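Shown next: protein-v1.txt, containing compact mmCIF, C-alpha atoms.
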# COMPACT_ATOMS: atom_id res chain seq x y z
CA MET O 1 88.49 172.91 173.16
CA ALA O 2 87.85 174.75 169.94
CA THR O 3 90.16 173.85 167.11
CA SER O 4 90.20 176.96 164.96
CA VAL O 5 89.41 180.61 165.35
CA PHE O 6 87.58 180.45 162.04
CA SER O 7 84.73 178.52 163.66
CA ARG O 8 83.87 181.59 165.73
CA ASN O 9 83.68 183.69 162.61
CA SER O 10 81.35 181.51 160.57
CA LEU O 11 78.93 184.34 159.75
CA LEU O 12 81.73 186.48 158.43
CA LEU O 13 83.20 183.62 156.46
CA ARG O 14 79.85 182.70 154.96
CA HIS O 15 79.21 186.31 154.02
CA HIS O 16 82.27 186.23 151.77
CA GLN O 17 81.86 183.68 149.00
CA PHE O 18 85.33 182.24 149.03
CA THR O 19 87.33 181.28 145.98
CA ILE O 20 90.96 180.37 145.50
CA THR O 21 92.93 183.57 145.01
CA LYS O 22 96.42 184.76 145.65
CA PRO O 23 97.96 188.22 145.84
CA ASP O 24 99.44 189.50 142.59
CA HIS O 25 102.80 190.11 144.21
CA LEU O 26 103.30 186.47 145.17
CA PRO O 27 105.46 184.31 142.88
CA PRO O 28 103.69 181.76 140.68
CA LEU O 29 102.55 178.59 142.38
CA PHE O 30 104.94 175.71 142.33
CA SER O 31 104.06 173.28 139.59
CA SER O 32 102.48 170.03 140.62
CA VAL O 33 104.83 167.09 140.98
CA SER O 34 103.40 163.64 140.52
CA SER O 35 104.91 160.98 142.75
CA THR O 36 105.27 157.47 141.46
CA SER O 37 106.20 156.07 144.83
CA LYS O 38 103.78 153.56 146.28
CA SER O 39 105.26 153.70 149.77
CA ARG O 40 102.54 154.45 152.29
CA SER O 41 104.70 155.72 155.11
CA LEU O 42 108.25 156.02 156.33
CA SER O 43 107.14 156.85 159.84
CA PHE O 44 104.61 154.10 160.29
CA GLY O 45 105.88 151.41 157.94
CA SER O 46 107.92 148.42 159.10
CA ILE O 47 111.18 146.94 157.85
CA LYS O 48 111.26 143.31 156.74
CA MET O 49 114.15 141.15 155.54
CA GLN O 50 113.54 138.51 152.87
CA GLY O 51 116.71 136.60 152.15
CA ASP O 52 119.38 139.15 151.28
CA GLU O 53 116.83 141.83 150.45
CA ILE O 54 115.50 144.41 152.90
CA THR O 55 112.10 145.85 152.10
CA GLU O 56 109.76 148.28 153.79
CA GLU O 57 106.24 147.07 154.43
CA PRO O 58 103.70 149.83 153.75
CA PHE O 59 101.04 151.06 156.14
CA THR O 60 97.85 149.01 155.91
CA GLU O 61 94.29 150.18 156.40
CA LYS O 62 93.95 148.10 159.57
CA ILE O 63 96.77 147.27 161.95
CA ASP O 64 96.85 144.08 163.98
CA ALA O 65 96.12 144.41 167.68
CA GLY O 66 99.32 144.81 169.66
CA GLN O 67 101.07 146.39 166.66
CA LYS O 68 99.02 149.56 166.48
CA ARG O 69 100.88 152.81 166.10
CA LYS O 70 99.81 155.21 168.83
CA VAL O 71 99.14 158.90 168.23
CA PHE O 72 98.53 161.60 170.83
CA VAL O 73 95.81 164.13 169.95
CA ALA O 74 95.75 167.39 171.91
CA GLY O 75 92.37 169.11 171.91
CA ALA O 76 90.67 165.76 171.36
CA THR O 77 87.17 166.92 172.31
CA GLY O 78 87.20 169.97 170.05
CA SER O 79 85.09 170.03 166.92
CA THR O 80 88.05 169.13 164.72
CA GLY O 81 90.03 167.17 167.30
CA LYS O 82 87.16 164.74 167.88
CA ARG O 83 86.96 164.06 164.16
CA ILE O 84 90.70 163.42 164.03
CA VAL O 85 90.40 160.90 166.87
CA ASP O 86 87.50 159.12 165.14
CA GLN O 87 89.31 158.91 161.81
CA LEU O 88 92.54 157.69 163.39
CA LEU O 89 90.67 154.90 165.15
CA ALA O 90 88.85 154.01 161.94
CA ARG O 91 92.19 153.71 160.13
CA GLY O 92 93.58 151.31 162.71
CA PHE O 93 95.67 153.63 164.89
CA ALA O 94 95.69 153.59 168.67
CA VAL O 95 94.93 157.01 170.13
CA LYS O 96 95.80 158.74 173.37
CA ALA O 97 93.28 161.59 173.55
CA GLY O 98 94.41 164.62 175.54
CA VAL O 99 91.56 166.54 177.19
CA ARG O 100 91.34 169.27 179.83
CA ASP O 101 88.36 167.79 181.69
CA LEU O 102 88.05 164.02 181.90
CA GLU O 103 84.43 164.01 183.13
CA LYS O 104 83.23 166.31 180.37
CA ALA O 105 85.19 164.34 177.80
CA LYS O 106 83.64 160.94 178.51
CA PRO O 107 80.30 161.62 176.74
CA ALA O 108 82.18 162.71 173.62
CA PHE O 109 83.56 159.23 173.01
CA PHE O 110 80.92 156.53 172.76
CA GLY O 111 81.56 152.89 173.52
CA ASP O 112 84.53 151.14 175.05
CA ASN O 113 87.27 151.14 172.45
CA PRO O 114 90.46 149.35 173.62
CA SER O 115 92.45 151.42 171.11
CA LEU O 116 91.42 154.69 172.78
CA GLN O 117 92.92 156.09 175.97
CA ILE O 118 91.65 159.38 177.38
CA VAL O 119 94.06 161.37 179.54
CA LYS O 120 94.03 164.78 181.21
CA ALA O 121 96.33 167.15 179.35
CA ASP O 122 96.41 170.95 179.51
CA VAL O 123 98.89 172.42 177.04
CA THR O 124 99.22 175.58 179.13
CA GLU O 125 100.74 173.71 182.08
CA GLY O 126 104.21 173.42 180.59
CA PRO O 127 106.28 170.84 178.70
CA ASP O 128 107.32 168.77 181.72
CA LYS O 129 103.76 167.84 182.71
CA LEU O 130 102.85 167.24 179.09
CA ALA O 131 105.85 164.95 178.65
CA GLU O 132 104.64 162.88 181.61
CA VAL O 133 101.17 162.55 180.09
CA ILE O 134 102.40 161.81 176.60
CA GLY O 135 104.65 158.97 177.75
CA ASP O 136 107.21 157.09 175.72
CA ASP O 137 104.99 154.84 173.62
CA LEU O 138 103.90 157.36 170.99
CA GLU O 139 105.06 157.84 167.44
CA ALA O 140 103.33 161.11 166.61
CA VAL O 141 101.46 164.06 168.10
CA VAL O 142 98.58 165.96 166.53
CA CYS O 143 97.83 169.42 167.92
CA ALA O 144 94.21 170.45 167.35
CA THR O 145 93.90 172.88 170.24
CA GLY O 146 92.45 176.37 170.22
CA PHE O 147 91.56 178.93 172.87
CA ARG O 148 88.05 179.26 174.23
CA PRO O 149 86.40 182.68 173.82
CA GLY O 150 86.20 184.65 177.04
CA TRP O 151 87.39 187.73 178.85
CA ASP O 152 91.02 186.65 178.95
CA LEU O 153 92.66 188.52 176.08
CA LEU O 154 95.85 186.53 176.61
CA ALA O 155 94.09 183.21 176.02
CA PRO O 156 95.15 182.97 172.33
CA TRP O 157 98.79 183.34 173.35
CA LYS O 158 98.46 180.91 176.27
CA VAL O 159 96.93 178.20 174.06
CA ASP O 160 97.70 178.85 170.39
CA ASN O 161 101.25 180.05 170.96
CA PHE O 162 102.75 178.95 174.29
CA GLY O 163 100.53 175.86 174.48
CA THR O 164 101.70 174.62 171.11
CA VAL O 165 105.32 175.42 171.99
CA ASN O 166 104.91 173.43 175.23
CA LEU O 167 103.64 170.46 173.25
CA VAL O 168 106.57 170.62 170.83
CA GLU O 169 109.05 170.76 173.71
CA ALA O 170 107.31 167.80 175.38
CA CYS O 171 107.82 165.84 172.14
CA ARG O 172 111.50 166.71 172.17
CA LYS O 173 111.79 165.51 175.77
CA ARG O 174 110.20 162.19 174.78
CA GLY O 175 112.06 161.81 171.50
CA ILE O 176 108.89 162.00 169.40
CA ASN O 177 109.79 163.16 165.92
CA ARG O 178 106.44 163.61 164.17
CA PHE O 179 104.19 166.61 164.77
CA ILE O 180 100.99 167.66 163.01
CA LEU O 181 99.56 171.13 163.72
CA ILE O 182 96.12 172.37 162.76
CA SER O 183 96.64 176.09 162.20
CA SER O 184 94.76 178.48 159.90
CA ILE O 185 95.03 180.30 156.61
CA LEU O 186 95.83 184.01 156.91
CA VAL O 187 98.21 183.52 159.84
CA ASN O 188 100.78 185.40 157.78
CA GLY O 189 98.21 187.77 156.33
CA ALA O 190 100.25 190.92 156.90
CA ALA O 191 103.14 189.61 154.79
CA MET O 192 100.63 188.55 152.12
CA GLY O 193 99.23 192.05 151.79
CA GLN O 194 96.01 190.99 153.52
CA ILE O 195 96.20 193.34 156.51
CA LEU O 196 92.83 194.86 155.51
CA ASN O 197 91.15 191.51 154.90
CA PRO O 198 88.01 191.53 157.13
CA ALA O 199 88.73 188.03 158.47
CA TYR O 200 92.34 188.93 159.28
CA ILE O 201 91.23 192.06 161.13
CA PHE O 202 88.42 190.35 163.05
CA LEU O 203 90.49 187.40 164.19
CA ASN O 204 93.41 189.49 165.34
CA VAL O 205 91.11 191.78 167.29
CA CYS O 206 90.41 188.71 169.42
CA GLY O 207 93.78 188.70 171.17
CA LEU O 208 95.98 188.72 168.04
CA THR O 209 95.01 185.11 167.46
CA LEU O 210 96.54 184.65 164.02
CA ILE O 211 99.80 186.23 165.11
CA ALA O 212 99.93 183.85 168.08
CA LYS O 213 99.46 180.89 165.74
CA LEU O 214 102.17 182.17 163.40
CA GLN O 215 104.68 182.41 166.25
CA ALA O 216 103.92 178.80 167.20
CA GLU O 217 104.44 177.72 163.59
CA ARG O 218 107.85 179.38 163.55
CA HIS O 219 108.87 177.54 166.70
CA ILE O 220 107.88 174.20 165.18
CA ARG O 221 109.89 174.88 162.04
CA LYS O 222 112.99 175.65 164.06
CA SER O 223 112.58 172.69 166.43
CA GLY O 224 114.06 170.05 164.14
CA ILE O 225 110.93 167.90 164.48
CA ASN O 226 109.40 166.39 161.35
CA TYR O 227 106.30 168.56 160.99
CA THR O 228 103.25 169.08 158.83
CA ILE O 229 101.45 172.36 159.44
CA ILE O 230 97.92 172.31 158.08
CA ARG O 231 96.24 175.67 157.48
CA PRO O 232 92.54 175.19 156.75
CA GLY O 233 90.18 177.89 155.53
CA GLY O 234 86.90 178.69 157.26
CA LEU O 235 85.74 175.58 159.10
CA ARG O 236 82.32 174.06 158.40
CA ASN O 237 80.59 171.52 160.61
CA ASP O 238 78.53 170.10 157.74
CA PRO O 239 79.61 167.04 155.75
CA PRO O 240 82.21 167.48 153.00
CA SER O 241 81.13 169.15 149.80
CA GLY O 242 83.61 169.51 147.00
CA ASN O 243 87.14 168.19 146.71
CA ILE O 244 90.19 169.26 148.65
CA VAL O 245 92.38 171.96 147.18
CA MET O 246 95.90 172.05 148.64
CA GLU O 247 98.30 174.94 148.09
CA SER O 248 101.62 176.09 149.47
CA GLU O 249 101.93 178.47 152.43
CA ASP O 250 100.81 182.10 152.17
CA THR O 251 98.79 181.45 149.02
CA LEU O 252 95.12 181.19 150.02
CA TYR O 253 93.32 183.94 151.86
CA GLN O 254 89.74 182.93 151.15
CA GLY O 255 87.88 179.64 151.20
CA SER O 256 86.21 177.14 153.49
CA ILE O 257 86.34 173.44 154.20
CA SER O 258 84.51 170.77 156.21
CA ARG O 259 86.09 169.78 159.50
CA ASP O 260 85.81 166.16 158.34
CA GLN O 261 88.15 166.95 155.46
CA VAL O 262 90.59 168.75 157.76
CA ALA O 263 90.69 165.65 159.96
CA GLU O 264 91.22 163.50 156.89
CA VAL O 265 94.21 165.60 155.79
CA ALA O 266 95.72 165.33 159.30
CA VAL O 267 95.44 161.53 159.27
CA GLU O 268 96.76 161.25 155.72
CA ALA O 269 99.73 163.43 156.67
CA LEU O 270 100.74 160.70 159.12
CA ILE O 271 100.58 158.10 156.38
CA HIS O 272 102.32 159.83 153.47
CA PRO O 273 106.00 160.78 153.79
CA GLU O 274 105.43 163.41 151.08
CA SER O 275 103.84 165.57 153.80
CA SER O 276 107.02 165.86 155.87
CA TYR O 277 108.47 169.28 156.67
CA LYS O 278 105.72 171.12 154.83
CA VAL O 279 103.11 173.82 155.39
CA VAL O 280 99.92 173.20 153.43
CA GLU O 281 96.85 175.36 153.01
CA ILE O 282 93.55 173.64 152.30
CA ILE O 283 90.03 174.54 151.25
CA ALA O 284 87.35 172.63 149.34
CA GLN O 285 85.81 173.49 145.98
CA SER O 286 82.99 171.83 144.11
CA ASP O 287 84.73 172.19 140.75
CA ALA O 288 88.13 171.01 141.94
CA PRO O 289 89.35 167.64 140.62
CA LYS O 290 89.69 164.81 143.11
CA ARG O 291 93.38 164.07 143.60
CA PRO O 292 95.05 161.34 145.69
CA PHE O 293 96.69 162.59 148.88
CA GLU O 294 100.08 161.34 147.81
CA GLU O 295 99.86 163.66 144.80
CA LEU O 296 98.47 166.57 146.82
CA PHE O 297 101.29 166.48 149.37
CA ALA O 298 103.93 165.90 146.68
CA SER O 299 102.79 169.01 144.84
CA ILE O 300 103.82 171.23 147.75
CA LYS O 301 107.46 172.27 147.86
CA LYS O 302 109.46 172.48 151.06
CA ARG O 303 110.70 175.94 152.07
For the file at hand, write its structure as structure tokens.
Amino acid sequence: MATSVFSRNSLLLRHHQFTITKPDHLPPLFSSVSSTSKSRSLSFGSIKMQGDEITEEPFTEKIDAGQKRKVFVAGATGSTGKRIVDQLLARGFAVKAGVRDLEKAKPAFFGDNPSLQIVKADVTEGPDKLAEVIGDDLEAVVCATGFRPGWDLLAPWKVDNFGTVNLVEACRKRGINRFILISSILVNGAAMGQILNPAYIFLNVCGLTLIAKLQAERHIRKSGINYTIIRPGGLRNDPPSGNIVMESEDTLYQGSISRDQVAEVAVEALIHPESSYKVVEIIAQSDAPKRPFEELFASIKKR
């Protein structure tokens, strides 16, 4: 499954040389906040008692077999979803990859990795079926789904809105309290004064795609689940070029980024507690300074 509507608008996105900009009517960006904490994760760390002292062991780059934290990835064979799966496995996570067609999915994942389980999962089939597939051994869910272009004008709502809502409700049924969503910049373009932005117009002509994504975001924020909503700019399939720029919601309306970097942000969001309950917008720029993810996430204020 495709992971972002921006991938189908690559020509348009390339035509506009994107830079970081924000509407004049928006308030100034929140100042960056440096975090001095060295904790790697509250969600994936472990608690250890030494004498009378209780300490939290940080996340490590590789996790011992049998102690791996398992993450469910919806849209695992999409251009971004596949990269998220690969990076999770490389960082030592176990992954349950949700796909719509098991036979078509097999060639996408090479080798026999004991940390990878591929399961049939269609987000449009409702939360009950998804809850069965997800199971009770997961600690987080990453949603990297996106509708496939076709004649069905309701497809964006079935996948990007209702499908995401179904996945959130399945998490609530299973008691999973960590959710990462790959969304898109410009989802709230109308409120940003970007209603005439060519990308905003084009993408909403295709079944009101951005509006569907925005409705799903609102459901997540009201669900009570610990979320990180990642809004990337125009998606590129080529390797990363430039460093990641991260801004608060409804700030960026131009820019692009490699899918590899989007996947990296999704994985890092699972590791750093500074990412909790936040909406982040990301692009890449060649002249941007390289900043640690802990600092990037900490610089974004909760709303």
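Put simply, atom CA of Asn204 of chain O is 13.5 Å away from atom CA of Asn161 of chain O.
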**Request:** May I ask for the distance between atom CA of Arg172 of chain O and atom CA of Glu125 of chain O, given in Å to one decimal place?
**Result:** 16.2 Å
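Minimum atom-to-atom distances from O:Arg174, O:Arg100, O:Arg221, O:Arg236 to Ala74 of chain O were compared using only C-alpha atoms, and the lowest value belongs to O:Arg100.
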**Fill in**
re atom CA of Gly233 of chain O and atom CA of Asp122 of chain O: distance 25.7 Å
Report as a compact mmCIF listing (two decimals) with C-alpha atoms, in the coordinates of the input all protein, DNA and RNA residues lying within 7 Å of Ala263 of chain O, evaluated on all atoms listed in the file, omitting residues in the same chain fewer than 4 positions from it.
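Produced file out-v2.txt, reproduced below:
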# COMPACT_ATOMS: atom_id res chain seq x y z
CA THR O 80 88.05 169.13 164.72
CA ARG O 83 86.96 164.06 164.16
CA ILE O 84 90.70 163.42 164.03
CA ARG O 259 86.09 169.78 159.50
CA VAL O 267 95.44 161.53 159.27
**Message:** Quick one: residues within 8 Å of Leu138 of chain O, all atoms listed in the file, excluding same-chain residues fewer than 6 positions away - as a PyMOL selection string?
**Reply:** chain O and resi 69-72+176
Could the centre and edge lengths of an axis-aligned box, enclosing all atoms of segment 261-269 of chain O in the file with 3 Å extra on each side, be given in Å to one decimal as lines of an AutoDock Vina configuration file?
center_x = 93.9
center_y = 165.0
center_z = 157.7
size_x = 17.6
size_y = 13.5
size_z = 10.5
